[in-house]
Every structure is written in C-alpha cells, then in structure tokens.
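So the structure is just underneath, and the comments pick up after that.
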Amino acid sequence: MALPLSKLPGEIIREVADRKWLALAVFAIVSFGVLALGFIWPYKYQSEVVIYVDDENIIRPLMEGSAVTTEINEQASAAQQLLWSRNVMEKLARNEDIFGDSSSLSQAQLESRVQSLRQNLSVSTIGEDYFGIEYRSENPSKAFKIAQQLGQLFIEESSRRKRVESRSAYEFIDNQVKSYERQLSEVEGRMKSFLSENVDGTENEANNRLANLRGQLELAQLEKKELNTRVNSLESQLQNVSSTFSQKQTVDSFQNRISNLQDQLDTLRTKYHDSYPDIVILEEQIAELKRQRERALASGDDLSRTVQGEQIVNPLYQELSAELASVRTNIAAVDTRIESLQALIGDQKQRMERIQANKAQYSDITRDMEVNKQIYDDLLKRREKARVSMHLDVEGQGLNYRINESAQYPLAPSGPKFFQFAAVGLFLGILAPFGAVAGLLQVDPRVRVKSQLEEDVGLPVLVEIPKIRTPFEKRRDRRVTLAVGISAAVVAIGYIAIAVASVMGVL
C-alpha cells in the first residue's frame, strides 16, 4: 500500500532515526564515492581557434557580375566536414611535433589516432562571420598544439580546395566550349553542304517566280484570244474583197511607162556599161513603147482613151492578206511562248516540291545551329568568368578565412572541476539516506498509518496504540545518536580535509 504523501516526511525521519548507523554508512559510501569519482574523472583541456570568414573584401563589388567568388553556407558544418576529411586527419595524425616519430605507425594505430582526433574535435558558430575550432585533450600541451594545427590545416585545405574547385570548373567549362565549338563547326558544315547541294532557292523566291510565270501565261493566253479574234475579222474582210481588178491603159500611160523605164535605164548606166544585158533590154522596151505611142498618135486616137487593159493585184486584198499572215505568225509565236511558259510552270512546281521536301531538313539544321550558337556564346561568357574566378582564388581574393584568435594554452580543464565533485559528493551523501528511505517506503507493503486502512481497505480504525519506549531504550538511543553524530562529524571532517588537500595540490 502506498504511503500518503502527508505522512511521508515523518516516516522518513523515523526510519532514518531507527537506522542511524546504516544512514551513516550510506552517507559515507556515497560522498566518498563521488569524491573518488572526482579523483579518477578524466579532466579535459580545451583549446580553441577562432576563424573569421572574410567575404566582403574590396574585390567582391569590383568583380560583381564578372566573376563568381566562392561561397560557403552553414560554415560550421562545412568546416567540420573539411577537418574530418581523411587528408586533414592523416596529416594531423602523422605530425611529429605532436605525436613524435610516426614512421613506424601501423594502420590500426593510425585509424585509432584518427578516430580519437575526430571524437575530440568540434566546430561551433560564433556570430555570422566567425566560427571556432575546438579540440579537447587530457594533455593541455597536446590540446594547444592540435588546435593550432587544426586552424592552419583548415586554412590551407580550404584554400587548396577553392583553387582546385575553380580550376576544375574552368576546365569543365573549357571542355564544354570546345565540344560545342566542334558541334557548331559540324552543323555549319552540314548547312554549307546542304546549301551547295540544294540551289533551288527559298520558298518565297519560288512562289514569286511561279506567280510571275502564271501571270505571263495568262497574258499570253489573253493575247492569243485577241489574235484569234483578229484572224477571224481579217478572214471575213478578205471574203468581201476581190483579189485582182482590170486596169485600162491610155496613151498617157505609154508616156508614163517610158518615163519609168527611162529612170531605170539611167540608174543602171550609173553602174554598168551600155553593153550590159539589162540596159540593152530596157533600151529595146523604150523604143517599142515609143513606136506604139507614135502609131497611136498617127492614127489620130485620143491620148486619153484606152488603148490596152490588164489584170493587176488588188492593193487592199494584198494588204489584208499580208496582215492576216502576220497575225497568224504572231499566233504561232504566242503558242510557242505559252508552251514554254507551261513547261516553266511545271519545272517551278517540281522546284517547289523539292523546296518543301528540303524545308524540314533546313529547319532542323538551322535550329541546331541556333541552339548550339546560343549555348556556345553563353559558355564563352561563363568560361571567361570562370577564368577570372580561378585567378581570384589563386591570388587569394574572394572568400578568405583568417585566424582571428589563435589557440591559447589551456591553464584549467574544461567541464566539472574537482571541488565541484567534492561539493556535490557531500550534498549527495547527505541526501542519499533520506532518498533511499523514501524509495523503500513507497514499495513497502506494510501498513504504517491508520489512514492506509481507512482509505485503501475501507475499514474503520477505532483506536491507534502508539509506540512506547522504556527509559533504558531512550538512554541507549541517546548514546547511539551521540556516537553516530561524532562518527558523522569525523567522516565529514575527513572528507573536507581530503577535498581541500586535493584542491591545494597536496594530494
């Protein structure tokens, strides 16, 4: 049955009073146990290096947009990961200034040393631009040296990694630039070959040429219709016009003919001799015409009357026939032009089909060229930025780490001190008997007060008989109490003496 809390303090005091020697023994064991723990506790000495993150130097605003300075997020975590790296840990584990000669160090010993270094290493953030690298060791000299080396190794390794990262980024982008340069050259070669093999021109040119040919064909067909109409009109006119008509000659006509032949004779005499056959013939014709004229005059005929008639070609008929022949010739020429135009239109349609067939291929080549050109130009800019960034990291600009506070030699161990163990041991020794009794009372099944029966069992308690001690028991209890008090004082004095001697360096 659980003891009511209101009765617990009185019962604890009564139980402790009944078992004074046991309480004294518990006090002595607990207090000296904690004091002994203070003697054997592995005290750690801690040394710390404070690192300043310098990312706001003058070069940053000057190179804004032209270079990318290295940045680190979650500085403490990144710094711890860097220090935990195998490269840094092995360098530190083989440091002869700290661990002595490490030439004969086995792999197992090296692993154990690296593991110990990692366990005692910690990195903490101090504000926005500072973080501390701490190392704890049981040896203050080793803690100081290792913390000092950790700061130097961190700065060296971070600088090396920045240079490697910048160079790797530049080399990667440079390789990509060369790759896209080759791809762009290949696409340009494909475009050059395509244009040299396909000389049909563009779709707009072909459409314009086809429209022009169709326009010419329509004009030729219209012209042919006009010419056909003209032929029909001329043929109709020729049907109404006689091809020849009879011309009556008069005496006056003899004179006219003589004059014409005389003119021809004069013309020939300017070029040839009188023995030239044509000249002889003309002279005979002139003489004959003169004789005919003289006979006509001798007979007394009127010079104006008709003396002879002949059939001659009608000039209008001749003109209409000539015009009809010309129009028919024009029709043949127009037909030839129409056939040529139709052939050209057929060729132009085949050209359009070839252009349409090559259009998709041309679009693919053009798209590849444009995409590769855009990426290539962008990579060129990025490569120059990476080049400048690499030089910044080589020159130590951009993001830098600087030791703001160097490691200090630890004069006192970190964590709980020996005097704290001593004070806590004395306090726990006093509380231990009472705490132990309180715990036992909570699990003790015996009935100690009447309220336990009344509340838990529900039985009424009519009377309670108190414990009565005899005078002898009282005297004996006083003697035991005195002896326990003296013993407790001796234990306490001895405890304090040991603690003070240890603090003073006597022990």
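Following the order of the structure tokens, chains are lettered A, B, ..., residues in each are numbered from 1, and ligands are numbered from 1.
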
With a distance cut-off of 10 Å and only C-alpha atoms, select the neighbouring residues of Asn228 in chain A, excluding the residue or stretch itself and same-chain residues fewer than 4 positions from it, and output the selection as a VMD selection string. chain A and resid 222 to 224 232 to 234 327 to 328 330 to 331

Deliver the residues from the most recent selection as a file, using N, CA and C atoms, as a CSV table (one decimal), in the first residue's frame.
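Result file result13.csv:
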```csv
chain,number,residue,atom,x,y,z
A,222,LEU,N,-4.4,35.5,-123.1
A,222,LEU,CA,-5.3,36.6,-123.5
A,222,LEU,C,-4.9,37.2,-124.9
A,223,GLU,N,-3.5,37.3,-125.1
A,223,GLU,CA,-3.1,37.8,-126.4
A,223,GLU,C,-3.4,36.8,-127.5
A,224,LYS,N,-3.4,35.5,-127.2
A,224,LYS,CA,-3.8,34.6,-128.2
A,224,LYS,C,-5.3,34.7,-128.6
A,232,ASN,N,-10.1,36.0,-137.4
A,232,ASN,CA,-11.4,35.9,-137.9
A,232,ASN,C,-11.9,37.1,-138.6
A,233,SER,N,-11.6,38.3,-138.0
A,233,SER,CA,-12.0,39.5,-138.6
A,233,SER,C,-11.4,39.7,-140.0
A,234,LEU,N,-10.1,39.4,-140.1
A,234,LEU,CA,-9.4,39.6,-141.4
A,234,LEU,C,-9.9,38.6,-142.5
A,327,VAL,N,-0.6,38.2,-138.5
A,327,VAL,CA,-1.3,37.8,-137.3
A,327,VAL,C,-1.2,36.3,-137.0
A,328,ARG,N,-1.2,35.5,-138.1
A,328,ARG,CA,-1.1,34.0,-137.9
A,328,ARG,C,0.3,33.7,-137.4
A,330,ASN,N,2.1,35.7,-135.5
A,330,ASN,CA,2.1,36.1,-134.1
A,330,ASN,C,1.4,35.0,-133.3
A,331,ILE,N,0.3,34.4,-133.8
A,331,ILE,CA,-0.4,33.3,-133.1
A,331,ILE,C,0.6,32.1,-132.8
```

Atomic separation - CA of Tyr376 in chain A relative to CA of Ala169 in chain A, Å: 16.2 Å

If we count only C-alpha atoms, what is near Leu37 in chain A at a cut-off of 8 Å, once residues fewer than 4 positions away on the same chain are taken out, given as number ranges by chain? A: 33, 41, 421

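Take CA of Leu440 in chain A and CA of Ala423 in chain A: the distance between them is 26.1 Å.
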
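Near Gly435 in chain A, within 12 Å and counting only C-alpha atoms, sit Leu8, Pro9, Ile12, Ile13, Glu15, Val16, Ala23, Val26, Phe27, Val30, Leu428, Gly429, Ile430, Leu431, Ala432, Pro433, Val437, Ala438, Gly439, Leu440, Leu441 and Gln442 of chain A, not including residues fewer than 2 positions from it in the same chain.
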
Give me every alpha helix (DSSP H) residue in range 218-444 of chain A, going by DSSP on the backbone, as number ranges by chain. A: 218-239, 251-269, 277-298, 315-394, 418-443

Need the shell around range 345-359 of chain A: protein/DNA/RNA residues with any atom at most 7 Å away, counting only C-alpha atoms. Skip same-chain ones fewer than 2 positions apart. Format as a list in words?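 Here the answer would be Asp200, Glu203, Ala206, Leu210, Leu213, Leu341, Gln342, Ala343, Gln361, Tyr362 and Ser363 of chain A.
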